[in-house]
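Pasting run-v2.txt here (compact mmCIF, C-alpha atoms and all ligand atoms):
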```txt
# COMPACT_ATOMS: atom_id res chain seq x y z
CA MET A 13 23.70 16.84 -16.15
CA ALA A 14 24.24 13.92 -13.80
CA LYS A 15 27.51 12.06 -14.25
CA LYS A 16 26.58 8.97 -12.32
CA VAL A 17 23.06 7.78 -11.48
CA VAL A 18 21.62 5.02 -9.32
CA LEU A 19 18.81 3.33 -11.24
CA ALA A 20 15.99 1.41 -9.55
CA TYR A 21 16.38 -1.71 -11.66
CA SER A 22 13.57 -4.26 -11.97
CA GLY A 23 15.24 -6.38 -14.61
CA GLY A 24 12.37 -5.79 -17.03
CA LEU A 25 12.56 -4.47 -20.57
CA ASP A 26 12.25 -0.77 -19.77
CA THR A 27 14.85 -0.56 -17.03
CA SER A 28 17.26 -2.75 -19.03
CA VAL A 29 16.97 -0.51 -22.06
CA ALA A 30 17.22 2.52 -19.76
CA VAL A 31 20.69 1.46 -18.60
CA ARG A 32 22.16 1.60 -22.11
CA TRP A 33 20.05 4.53 -23.22
CA MET A 34 21.31 6.74 -20.38
CA ILE A 35 24.93 5.76 -21.06
CA GLU A 36 24.56 6.57 -24.75
CA ASN A 37 22.30 9.59 -24.62
CA LEU A 38 23.13 11.26 -21.34
CA GLY A 39 26.74 10.15 -21.17
CA CYS A 40 26.43 9.08 -17.56
CA GLU A 41 27.57 6.07 -15.60
CA VAL A 42 24.79 3.81 -14.31
CA VAL A 43 24.72 1.88 -11.04
CA CYS A 44 21.78 -0.52 -10.62
CA LEU A 45 19.80 -1.41 -7.51
CA SER A 46 17.37 -4.32 -7.47
CA ALA A 47 15.17 -4.63 -4.40
CA ASN A 48 13.33 -7.62 -3.10
CA VAL A 49 10.10 -6.24 -1.65
CA GLY A 50 8.33 -9.58 -1.78
CA GLN A 51 7.37 -9.51 -5.45
CA GLU A 52 6.68 -12.68 -7.32
CA GLY A 53 9.69 -14.36 -8.88
CA THR A 54 13.32 -13.80 -7.98
CA LEU A 55 15.94 -11.28 -8.89
CA GLU A 56 18.01 -14.07 -10.35
CA GLY A 57 19.74 -13.02 -13.52
CA ASN A 58 19.35 -9.31 -12.79
CA ARG A 59 23.05 -8.84 -12.06
CA GLU A 60 24.06 -10.32 -15.42
CA LYS A 61 21.38 -8.37 -17.25
CA ALA A 62 22.30 -5.06 -15.62
CA LEU A 63 26.02 -5.45 -16.14
CA GLY A 64 25.40 -6.81 -19.65
CA ALA A 65 23.42 -3.68 -20.50
CA GLY A 66 26.38 -1.58 -19.39
CA ALA A 67 25.89 -0.86 -15.68
CA SER A 68 29.15 -0.19 -13.84
CA ALA A 69 27.90 -1.77 -10.62
CA TYR A 70 24.92 -3.74 -9.37
CA GLU A 71 23.53 -4.35 -5.90
CA GLU A 72 20.69 -6.48 -4.71
CA LEU A 73 18.90 -5.89 -1.42
CA ASP A 74 16.41 -8.01 0.46
CA LEU A 75 14.14 -5.33 1.89
CA ARG A 76 11.19 -7.47 2.92
CA GLU A 77 11.64 -7.10 6.65
CA GLU A 78 12.29 -3.38 6.53
CA PHE A 79 9.39 -2.90 4.13
CA ALA A 80 6.97 -4.60 6.51
CA ARG A 81 8.32 -2.98 9.66
CA ASP A 82 8.75 0.60 8.49
CA TYR A 83 6.24 0.97 5.66
CA LEU A 84 3.45 -1.58 6.11
CA ALA A 85 3.09 -1.39 9.91
CA PRO A 86 2.36 2.38 9.75
CA VAL A 87 -0.38 1.96 7.13
CA ILE A 88 -1.94 -0.88 9.11
CA LYS A 89 -2.11 1.38 12.16
CA ALA A 90 -3.57 4.11 9.97
CA ASN A 91 -6.15 1.86 8.25
CA ALA A 92 -4.90 3.64 5.15
CA LEU A 93 -7.00 2.83 2.09
CA TYR A 94 -6.83 5.25 -0.83
CA GLU A 95 -10.26 6.42 -1.91
CA GLY A 96 -11.63 4.08 0.72
CA LYS A 97 -10.42 0.95 -1.03
CA TYR A 98 -6.86 0.62 -2.29
CA PRO A 99 -4.26 -0.49 0.28
CA LEU A 100 -1.50 1.54 -1.44
CA VAL A 101 0.57 -1.43 -2.60
CA SER A 102 2.80 0.35 -5.14
CA ALA A 103 2.79 3.66 -3.28
CA LEU A 104 4.58 1.99 -0.36
CA SER A 105 7.54 0.33 -2.04
CA ARG A 106 8.71 3.47 -3.86
CA PRO A 107 9.79 5.54 -0.87
CA LEU A 108 11.64 2.52 0.54
CA ILE A 109 13.48 1.93 -2.73
CA VAL A 110 14.37 5.60 -2.96
CA LYS A 111 15.78 5.54 0.56
CA HIS A 112 18.18 2.83 -0.55
CA GLN A 113 18.94 4.51 -3.88
CA VAL A 114 19.98 7.60 -1.97
CA ALA A 115 22.21 5.54 0.34
CA MET A 116 23.78 3.95 -2.73
CA ALA A 117 24.23 7.30 -4.41
CA ARG A 118 26.27 8.40 -1.39
CA LYS A 119 28.26 5.17 -1.37
CA TYR A 120 29.12 5.32 -5.08
CA GLY A 121 29.47 9.08 -5.26
CA ALA A 122 26.54 9.37 -7.67
CA ASP A 123 24.84 12.70 -8.33
CA GLY A 124 21.53 11.42 -9.67
CA ILE A 125 18.65 9.02 -9.11
CA ALA A 126 16.92 7.31 -12.03
CA HIS A 127 13.73 5.28 -12.44
CA GLY A 128 11.91 3.57 -15.29
CA CYS A 129 8.45 5.12 -14.89
CA THR A 130 6.40 6.76 -17.59
CA GLY A 131 5.05 10.28 -17.39
CA LYS A 132 1.44 9.23 -16.87
CA GLY A 133 1.59 7.44 -13.59
CA ASN A 134 1.94 7.94 -9.89
CA ASP A 135 5.16 6.04 -9.48
CA GLN A 136 7.30 8.76 -11.09
CA VAL A 137 5.84 11.20 -8.57
CA ARG A 138 6.65 8.90 -5.66
CA PHE A 139 10.22 8.24 -6.82
CA GLU A 140 11.00 11.85 -7.45
CA VAL A 141 9.25 13.53 -4.56
CA SER A 142 10.73 10.98 -2.12
CA SER A 143 14.13 11.71 -3.56
CA MET A 144 13.60 15.47 -3.24
CA ALA A 145 12.70 14.95 0.41
CA LEU A 146 15.67 12.75 1.28
CA ALA A 147 18.33 14.22 -0.96
CA PRO A 148 17.37 17.56 -2.50
CA ASP A 149 20.83 17.81 -4.07
CA LEU A 150 20.40 14.77 -6.32
CA GLU A 151 19.34 15.10 -9.93
CA LEU A 152 16.28 13.17 -11.11
CA VAL A 153 16.54 11.23 -14.33
CA ALA A 154 13.53 9.62 -15.99
CA PRO A 155 14.63 8.11 -19.31
CA VAL A 156 11.35 6.32 -20.07
CA ARG A 157 9.51 9.62 -19.78
CA ASN A 158 11.84 11.26 -22.27
CA TRP A 159 12.83 8.76 -24.91
CA GLY A 160 9.50 8.50 -26.71
CA PHE A 161 9.88 4.76 -27.42
CA THR A 162 6.92 2.51 -28.08
CA ARG A 163 7.18 -0.99 -26.71
CA GLU A 164 8.31 -2.17 -30.16
CA ASP A 165 11.01 0.50 -30.21
CA SER A 166 12.30 -0.72 -26.85
CA VAL A 167 12.37 -4.34 -28.04
CA ALA A 168 14.26 -3.26 -31.17
CA TYR A 169 16.68 -1.13 -29.16
CA ALA A 170 17.37 -4.07 -26.85
CA ALA A 171 17.99 -6.38 -29.79
CA ALA A 172 20.26 -3.86 -31.54
CA HIS A 173 22.34 -3.45 -28.39
CA ASN A 174 22.44 -7.08 -27.35
CA ILE A 175 20.54 -6.38 -24.17
CA ALA A 176 19.17 -9.54 -22.62
CA VAL A 177 15.43 -9.36 -21.96
CA SER A 178 13.41 -12.21 -20.59
CA ALA A 179 10.52 -13.46 -22.71
CA THR A 180 7.73 -11.13 -21.67
CA LYS A 181 4.56 -13.11 -21.40
CA GLU A 182 3.06 -10.33 -19.32
CA LYS A 183 3.29 -7.57 -21.85
CA LEU A 184 -0.48 -7.35 -22.06
CA TYR A 185 -0.65 -5.98 -18.55
CA SER A 186 1.34 -3.62 -16.40
CA ILE A 187 1.89 -5.45 -13.15
CA ASP A 188 3.47 -4.26 -9.95
CA ASP A 189 3.55 -6.44 -6.88
CA ASN A 190 5.10 -6.76 -3.46
CA LEU A 191 4.34 -8.26 -0.05
CA TRP A 192 1.31 -6.03 0.32
CA GLY A 193 -0.44 -7.06 -2.90
CA ARG A 194 -0.52 -6.92 -6.64
CA ALA A 195 -1.67 -4.23 -9.09
CA ILE A 196 -2.77 -5.21 -12.59
CA GLU A 197 -3.44 -2.51 -15.19
CA CYS A 198 -3.87 -2.12 -18.95
CA GLY A 199 -4.91 -4.58 -21.64
CA GLU A 200 -8.64 -5.03 -22.07
CA MET A 201 -9.21 -3.56 -18.61
CA GLU A 202 -8.63 -0.08 -19.99
CA ASP A 203 -12.32 -0.30 -20.80
CA PRO A 204 -13.87 0.25 -17.36
CA TRP A 205 -16.91 -1.79 -18.40
CA ALA A 206 -14.88 -4.87 -19.35
CA THR A 207 -14.85 -7.70 -16.83
CA PRO A 208 -11.28 -8.50 -15.76
CA PRO A 209 -10.31 -11.81 -17.36
CA ASP A 210 -9.83 -14.69 -14.93
CA GLY A 211 -6.20 -14.99 -15.96
CA VAL A 212 -5.17 -11.73 -14.29
CA TRP A 213 -5.62 -13.11 -10.77
CA GLN A 214 -2.67 -14.79 -9.10
CA LEU A 215 -2.99 -14.35 -5.35
CA THR A 216 -6.74 -14.90 -5.16
CA LYS A 217 -7.38 -18.11 -7.03
CA ARG A 218 -10.14 -19.92 -5.21
CA THR A 219 -8.84 -23.34 -4.20
CA ALA A 220 -10.06 -23.73 -0.61
CA THR A 221 -13.49 -25.26 -0.17
CA GLU A 222 -13.74 -25.78 3.61
CA PRO A 223 -14.45 -22.71 5.75
CA CYS A 224 -11.90 -21.91 8.45
CA ASP A 225 -11.18 -19.43 11.22
CA VAL A 226 -8.03 -17.31 11.35
CA VAL A 227 -7.06 -15.44 14.51
CA ILE A 228 -4.79 -12.42 14.10
CA SER A 229 -3.04 -11.12 17.23
CA PHE A 230 -1.98 -7.47 17.39
CA GLU A 231 0.35 -5.54 19.64
CA ARG A 232 -0.03 -1.77 19.59
CA GLY A 233 -1.76 -1.97 16.25
CA VAL A 234 0.66 -4.32 14.51
CA PRO A 235 0.08 -8.03 13.77
CA VAL A 236 2.44 -10.23 15.78
CA ALA A 237 0.92 -13.71 15.36
CA VAL A 238 -1.52 -15.68 13.27
CA ASP A 239 -3.36 -18.55 14.95
CA GLY A 240 -1.09 -18.16 17.93
CA VAL A 241 2.12 -18.58 15.95
CA ALA A 242 4.37 -15.55 16.28
CA ALA A 243 6.49 -14.47 13.32
CA PRO A 244 7.95 -11.29 11.84
CA LEU A 245 5.32 -9.14 10.15
CA TRP A 246 6.54 -9.86 6.63
CA GLU A 247 6.16 -13.59 7.17
CA LEU A 248 2.68 -13.18 8.63
CA ILE A 249 1.68 -11.24 5.54
CA VAL A 250 3.01 -13.95 3.24
CA ALA A 251 1.10 -16.59 5.25
CA LEU A 252 -2.12 -14.57 5.19
CA ASN A 253 -1.87 -13.87 1.47
CA GLU A 254 -1.74 -17.57 0.91
CA LYS A 255 -4.43 -18.57 3.36
CA VAL A 256 -6.98 -15.84 2.73
CA GLY A 257 -6.16 -15.70 -0.97
CA SER A 258 -7.05 -19.37 -1.36
CA TYR A 259 -10.67 -18.41 -0.60
CA GLY A 260 -10.72 -16.21 -3.68
CA TRP A 261 -11.12 -13.11 -1.52
CA GLY A 262 -9.20 -9.84 -1.59
CA ARG A 263 -9.81 -8.50 -5.10
CA LEU A 264 -10.51 -4.89 -5.97
CA ASP A 265 -11.79 -3.41 -9.20
CA MET A 266 -11.94 0.37 -9.17
CA VAL A 267 -11.48 3.56 -11.13
CA GLU A 268 -9.09 5.73 -9.15
CA ASN A 269 -7.84 9.29 -9.40
CA ARG A 270 -4.16 9.42 -10.20
CA ARG A 271 -2.06 12.32 -8.93
CA VAL A 272 -1.55 13.56 -12.49
CA GLY A 273 -5.30 14.01 -13.00
CA ILE A 274 -6.17 10.88 -14.94
CA LYS A 275 -8.95 8.53 -13.93
CA SER A 276 -7.62 5.06 -14.26
CA ARG A 277 -9.20 1.61 -14.09
CA GLU A 278 -7.25 -0.56 -11.71
CA THR A 279 -7.55 -4.08 -10.46
CA TYR A 280 -5.77 -5.26 -7.36
CA GLU A 281 -5.49 -8.32 -5.25
CA ALA A 282 -4.35 -7.91 -1.69
CA PRO A 283 -5.87 -10.70 0.40
CA GLY A 284 -3.43 -10.47 3.31
CA ALA A 285 -3.48 -6.67 3.44
CA LEU A 286 -7.26 -6.42 3.34
CA ALA A 287 -7.72 -9.15 5.96
CA ILE A 288 -5.24 -7.43 8.29
CA MET A 289 -6.87 -4.03 7.80
CA LEU A 290 -10.32 -5.50 8.40
CA ALA A 291 -9.14 -7.11 11.63
CA HIS A 292 -7.17 -4.08 12.78
CA ALA A 293 -10.03 -1.62 12.33
CA ASP A 294 -12.27 -4.02 14.21
CA LEU A 295 -9.86 -4.29 17.13
CA GLU A 296 -9.80 -0.50 17.32
CA SER A 297 -13.56 -0.54 17.81
CA ILE A 298 -13.08 -1.99 21.30
CA THR A 299 -9.75 -0.43 22.21
CA VAL A 300 -9.90 3.19 21.02
CA GLU A 301 -11.96 5.78 22.87
CA ARG A 302 -14.83 7.31 20.92
CA ASP A 303 -13.53 10.81 20.17
CA LEU A 304 -10.07 9.56 19.36
CA GLN A 305 -11.55 6.94 17.06
CA ARG A 306 -13.71 9.48 15.24
CA GLU A 307 -10.89 11.95 14.76
CA LYS A 308 -8.57 9.21 13.63
CA THR A 309 -11.12 8.06 11.06
CA ARG A 310 -11.20 11.57 9.60
CA LEU A 311 -7.42 11.65 9.31
CA GLU A 312 -7.06 8.19 7.80
CA SER A 313 -8.21 9.18 4.34
CA ARG A 314 -5.88 12.18 4.38
CA TYR A 315 -3.02 9.91 5.38
CA ALA A 316 -3.80 7.56 2.50
CA GLU A 317 -3.88 10.48 0.06
CA LEU A 318 -0.49 11.72 1.20
CA VAL A 319 1.05 8.28 0.75
CA TYR A 320 -0.62 7.79 -2.62
CA ASP A 321 0.52 11.20 -3.80
CA GLY A 322 4.18 10.52 -3.09
CA LEU A 323 4.40 12.44 0.18
CA TRP A 324 5.63 9.60 2.39
CA PHE A 325 8.53 11.79 3.49
CA SER A 326 6.71 15.04 4.27
CA PRO A 327 6.03 17.06 7.41
CA LEU A 328 2.28 16.41 7.51
CA LYS A 329 2.74 12.67 7.03
CA LEU A 330 5.33 12.61 9.82
CA ALA A 331 3.07 14.53 12.17
CA LEU A 332 0.16 12.23 11.41
CA ASP A 333 2.41 9.26 12.17
CA SER A 334 2.92 10.59 15.69
CA PHE A 335 -0.80 11.03 16.19
CA ILE A 336 -1.51 7.54 14.87
CA GLU A 337 1.22 5.99 16.97
CA GLU A 338 -0.26 7.53 20.10
CA SER A 339 -3.71 6.20 19.13
CA GLN A 340 -2.40 2.63 19.07
CA ARG A 341 -1.30 2.39 22.71
CA PHE A 342 -4.02 -0.05 23.67
CA VAL A 343 -4.67 -1.66 20.28
CA THR A 344 -3.44 -4.99 21.55
CA GLY A 345 -5.64 -8.05 21.27
CA GLU A 346 -7.07 -10.60 18.90
CA VAL A 347 -9.56 -10.69 16.08
CA ARG A 348 -11.08 -13.82 14.65
CA LEU A 349 -11.87 -13.91 10.95
CA ARG A 350 -14.06 -16.45 9.27
CA CYS A 351 -12.95 -17.46 5.77
CA GLU A 352 -15.45 -18.97 3.38
CA PRO A 353 -15.18 -19.30 -0.39
CA GLY A 354 -15.44 -15.72 -1.70
CA ARG A 355 -16.00 -14.18 1.74
CA VAL A 356 -14.00 -13.14 4.82
CA TYR A 357 -15.59 -11.50 7.85
CA VAL A 358 -15.00 -10.81 11.52
CA THR A 359 -16.64 -13.14 14.02
CA GLY A 360 -15.05 -11.97 17.26
CA ARG A 361 -12.60 -9.62 18.95
CA ARG A 362 -11.04 -9.39 22.42
CA ALA A 363 -8.43 -7.23 24.13
CA PRO A 364 -6.86 -6.96 27.60
CA LYS A 365 -7.70 -3.24 27.70
CA SER A 366 -11.02 -3.47 25.92
CA LEU A 367 -13.35 -0.53 26.53
CA TYR A 368 -16.32 -2.76 25.92
CA ASP A 369 -17.98 -2.93 29.34
CA TYR A 370 -20.46 -5.76 29.67
CA GLY A 371 -22.08 -4.18 32.73
CA LEU A 372 -22.81 -1.04 30.71
CA ALA A 373 -23.83 -2.75 27.48
CA THR A 374 -26.02 -5.61 28.73
CA TYR A 375 -29.80 -5.57 28.89
CA ASP A 376 -29.91 -8.40 31.39
CA ALA A 377 -29.79 -8.39 35.20
CA ALA A 378 -26.10 -7.51 35.33
CA ASP A 379 -26.92 -4.05 33.96
CA ARG A 380 -24.97 -1.32 35.80
CA PHE A 381 -25.92 1.58 33.54
CA ARG A 382 -27.71 4.37 35.45
CA HIS A 383 -30.86 4.73 33.37
CA ALA A 384 -32.13 7.68 35.39
CA ASP A 385 -29.09 9.75 34.40
CA SER A 386 -30.26 9.68 30.82
CA GLU A 387 -33.36 11.76 31.43
CA GLY A 388 -31.53 14.96 32.28
CA PHE A 389 -28.86 14.22 29.72
CA VAL A 390 -31.31 13.90 26.86
CA GLN A 391 -33.23 17.01 28.00
CA LEU A 392 -30.11 19.15 27.79
CA TRP A 393 -28.82 17.44 24.65
CA GLY A 394 -32.04 18.29 22.87
CA LEU A 395 -32.60 21.72 24.44
CA SER A 396 -31.22 23.72 21.55
CA VAL A 397 -33.24 21.83 18.96
CA LYS A 398 -36.34 22.11 21.13
CA THR A 399 -35.88 25.89 21.42
CA TRP A 400 -35.36 26.16 17.68
CA ALA A 401 -38.44 24.04 16.97
CA SER A 402 -40.71 26.12 19.14
CA ILE A 403 -39.54 29.53 17.86
CA GLN A 404 -38.39 29.12 14.23
CA GLY A 405 -38.95 25.45 13.75
CA THR A 406 -40.79 23.06 11.64
CA SER A 407 -44.28 24.59 11.36
CA PRO A 408 -45.34 25.24 7.74
CA GLU A 409 -45.86 29.01 8.17
CA ALA A 410 -42.43 29.57 9.79
N1 LIG A 501 -2.42 2.63 -9.60
C1 LIG A 501 -1.62 2.05 -8.60
C2 LIG A 501 -0.85 3.11 -7.86
O1 LIG A 501 -0.72 4.17 -8.34
C3 LIG A 501 -0.76 0.94 -9.11
C4 LIG A 501 0.43 1.35 -9.87
C5 LIG A 501 1.11 0.16 -10.42
N2 LIG A 501 2.34 0.48 -11.05
C6 LIG A 501 2.74 -0.10 -12.16
N3 LIG A 501 3.89 0.27 -12.63
N4 LIG A 501 2.03 -1.01 -12.79
O2 LIG A 501 -0.36 2.90 -6.78
```
Can the structure from this file be put into structure tokens for me?
Amino acid sequence: MAKKVVLAYSGGLDTSVAVRWMIENLGCEVVCLSANVGQEGTLEGNREKALGAGASAYEELDLREEFARDYLAPVIKANALYEGKYPLVSALSRPLIVKHQVAMARKYGADGIAHGCTGKGNDQVRFEVSSMALAPDLELVAPVRNWGFTREDSVAYAAAHNIAVSATKEKLYSIDDNLWGRAIECGEMEDPWATPPDGVWQLTKRTATEPCDVVISFERGVPVAVDGVAAPLWELIVALNEKVGSYGWGRLDMVENRRVGIKSRETYEAPGALAIMLAHADLESITVERDLQREKTRLESRYAELVYDGLWFSPLKLALDSFIEESQRFVTGEVRLRCEPGRVYVTGRRAPKSLYDYGLATYDAADRFRHADSEGFVQLWGLSVKTWASIQGTSPEA
């Protein structure tokens, strides 16, 4: 049994109750870590709440820059969308938080890592498998999975133990957010036929009425400027969330396959992430050679699955990172997006090392393509099919 654990502490009801519950029921000391990954609201008050619940130490880390640089940049390069849609919002913050929990465990001499996830979701998998990868010696403690409390039980436990919990207006929904977007689950949306109520959307409220253009500049696959203004990636994401989100664009409504085998109805809003991915994939269309682009496309969905399934720190993911990094050597250039109420689309792309060759593509007088070469090429390309057609082929009596 762990003697001292580092808990990923959000400041919410579950993790607050978890602090006291672990002290009382597992007899361990609890150190809390609160991470700023760009979620809504501040961590203000978390220190008092954690220590008030019985934590022996509390640390707060601003991880926004590291999150963008080391976790979001790789998935941008990979065009990683789980099941073709979900930009992996929650799946990305967990490995980062675990990395810092492990560092804190070493600093405080802790022998365990704890989280406040339930047994039904993906986040427990991500916390624990990341921890196994980075620190196989540490014990994994998941109080919420074991205590069997209902929400009412947790509220009562908090009251009985004088644990401060903020008024929870959001108890209808389970929300997780960070720089990369926002996930909203539960409530009436557990019926996959039910329309998500307007009130669930935060980042994609439609307020803009005038169309506008946004130009995203990339260097080696990573955004470096928006409309010519350079800034660190995390700030560009914040700016794009605001700008693109104001057009009411960037929502997802899907039923996804969780790692534990459950199909789950999820709604997301990720205006900045989806705009960046749209632009990035488009820039690749002029900067990445055909076979490399095709192979990369095949690997992208696998990459997204690994990240979703908690395998951020795994040999296959690491190897794919090297492949993807190599593929981005010339993905430098600009993409112009048009934003209109409810709609965002690409209207142009350019790159210093673009493979788009006007002389080859044009049908006008500047055409340099050697048309005559195509005759022999097509003959040989079709030779096998032609042979098949004449011997076994398509005739009804064959
Ligand atoms: N279904 C999403 C995922 O697995 C979102 C999870 C959100 N987490 C939460 N605690 N509400 O990545």
Exercise for the section: Find the residues near stretch 267-277 of chain A: any atom within 9 Å, counting only C-alpha atoms, skip ones fewer than 2 places away on the same chain, and give them as a PyMOL selection string. Expected result: chain A and resi 94-95+98+131-134+137+197-198+201-204+265+279+320-322
Problem - Interatomic distance (Å, one decimal) between atom CA of A:Gly23 and atom CA of A:Tyr83 - result: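 One can read the atom CA of A:Gly23 to atom CA of A:Tyr83 distance as 23.4 Å.
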Exercise for the section: Report as JSON, numbers by chain which protein, DNA and RNA residues come within 6 Å of ligand LIG 501 (chain A), using all atoms listed in the file. Expected result: {"A": [100, 102, 103, 134, 186, 187, 188, 195]}
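Interatomic distance, atom CA of A:Lys97 to atom CA of A:Val358: 17.8 Å.
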Exercise for the section: Please measure the separation of atom CA of A:Asp189 and atom CA of A:Gln214, giving the value in Å to one decimal. Expected result: 10.6 Å
Problem - Shortest interatomic distance to A:Leu318 - which of A:Ile288, A:Gly360, A:Leu104, A:Phe381, counting all atoms listed in the file - result: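 Checking each candidate against A:Leu318, we get A:Leu104 as the closest.
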Practice task
Can you pull out every residue within 12 Å of stretch 48-56 of chain A, counting all atoms listed in the file, but drop anything in the same chain fewer than 2 positions away, and send it as number ranges by chain?
Solution key: A: 20-24, 45-46, 58-62, 70-81, 83-84, 101-102, 104-109, 112, 178, 187-195, 214-215, 246-247, 249-250, 253
Stretch 327-339 of chain A: which residues within 10 Å, counting only C-alpha atoms, same-chain residues fewer than 6 positions away excluded, as a short mmCIF file (atom, residue, chain, number, x, y, z; two decimals) with C-alpha atoms, in the coordinates of the input?
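File selection_18.cif, as written:
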```cif
data_model
loop_
_atom_site.label_atom_id
_atom_site.label_comp_id
_atom_site.auth_asym_id
_atom_site.auth_seq_id
_atom_site.Cartn_x
_atom_site.Cartn_y
_atom_site.Cartn_z
CA PRO A 86 2.36 2.38 9.75
CA VAL A 87 -0.38 1.96 7.13
CA LYS A 89 -2.11 1.38 12.16
CA ALA A 90 -3.57 4.11 9.97
CA ASN A 91 -6.15 1.86 8.25
CA ALA A 145 12.70 14.95 0.41
CA ARG A 232 -0.03 -1.77 19.59
CA GLY A 233 -1.76 -1.97 16.25
CA GLU A 296 -9.80 -0.50 17.32
CA THR A 299 -9.75 -0.43 22.21
CA VAL A 300 -9.90 3.19 21.02
CA GLU A 301 -11.96 5.78 22.87
CA LEU A 304 -10.07 9.56 19.36
CA GLN A 305 -11.55 6.94 17.06
CA LYS A 308 -8.57 9.21 13.63
CA LEU A 311 -7.42 11.65 9.31
CA GLU A 312 -7.06 8.19 7.80
CA ARG A 314 -5.88 12.18 4.38
CA TYR A 315 -3.02 9.91 5.38
CA ALA A 316 -3.80 7.56 2.50
CA GLU A 317 -3.88 10.48 0.06
CA LEU A 318 -0.49 11.72 1.20
CA VAL A 319 1.05 8.28 0.75
#
```
Practice task
Just the residues within 7 Å of A:Arg32, please, counting only C-alpha atoms, with nothing from its chain fewer than 3 positions along; format it as a PyMOL selection string.
Solution key: chain A and resi 29+35-36+65-66
Let me see the file: selected residues, C-alpha atoms, as a PDB file, in the coordinates of the input.
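selection_37.pdb written:
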```pdb
ATOM      1  CA  VAL A  29      16.970  -0.510 -22.060  1.00  0.00           C
ATOM      2  CA  ILE A  35      24.930   5.760 -21.060  1.00  0.00           C
ATOM      3  CA  GLU A  36      24.560   6.570 -24.750  1.00  0.00           C
ATOM      4  CA  ALA A  65      23.420  -3.680 -20.500  1.00  0.00           C
ATOM      5  CA  GLY A  66      26.380  -1.580 -19.390  1.00  0.00           C
TER       6      GLY A  66
END
```
Exercise for the section: Would you list the residues near (0.0, -15.6, 8.6), meaning any protein, DNA or RNA residue with an atom at most 12 Å from that point in file coordinates, counting all atoms listed in the file, as a PyMOL selection string? Expected result: chain A and resi 226-229+235-257+283-285+287-288
Handout entry: Which of A:Trp213, A:Phe139, A:Tyr368, A:Trp324 sits closest to A:Arg302 [using all atoms listed in the file]
Key = A:Tyr368
Practice task
With only C-alpha atoms counted, which protein, DNA or RNA residues have an atom no more than 7 Å from (21.6, 8.1, -9.0) in the file frame? Please answer as a list of chain:residue names.
Solution key: A:Lys16, A:Val17, A:Val18, A:Leu19, A:Gln113, A:Ala117, A:Ala122, A:Asp123, A:Gly124, A:Ile125, A:Ala126
Practice task
Would you mind telling me which residue in A:His292, A:Arg348, A:Arg362, A:His383 lies nearest to A:Ala92 when using only C-alpha atoms?
Solution key: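 For A:Ala92, the nearest of the given residues is A:His292.
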Using the structure block above, produce a file of stretch 315-335 of chain A that contains C-alpha atoms, as a tab-separated table (two decimals), in the first residue's frame.
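Below you can see selection-v8.tsv, which holds the result:
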```
chain	number	residue	atom	x	y	z
A	315	TYR	CA	-1.55	7.51	-34.16
A	316	ALA	CA	-4.85	8.99	-32.95
A	317	GLU	CA	-5.92	5.60	-31.58
A	318	LEU	CA	-2.70	5.20	-29.63
A	319	VAL	CA	-3.08	8.63	-28.06
A	320	TYR	CA	-6.76	8.07	-27.31
A	321	ASP	CA	-6.02	4.69	-25.76
A	322	GLY	CA	-3.50	6.08	-23.28
A	323	LEU	CA	-0.37	5.02	-25.16
A	324	TRP	CA	1.24	8.45	-25.48
A	325	PHE	CA	4.41	7.05	-23.92
A	326	SER	CA	4.82	3.84	-25.91
A	327	PRO	CA	7.34	2.52	-28.41
A	328	LEU	CA	5.01	2.59	-31.41
A	329	LYS	CA	3.88	6.14	-30.68
A	330	LEU	CA	7.51	7.24	-30.35
A	331	ALA	CA	8.47	5.59	-33.61
A	332	LEU	CA	5.53	7.18	-35.40
A	333	ASP	CA	6.62	10.55	-34.02
A	334	SER	CA	9.94	10.17	-35.81
A	335	PHE	CA	8.23	9.29	-39.06
```
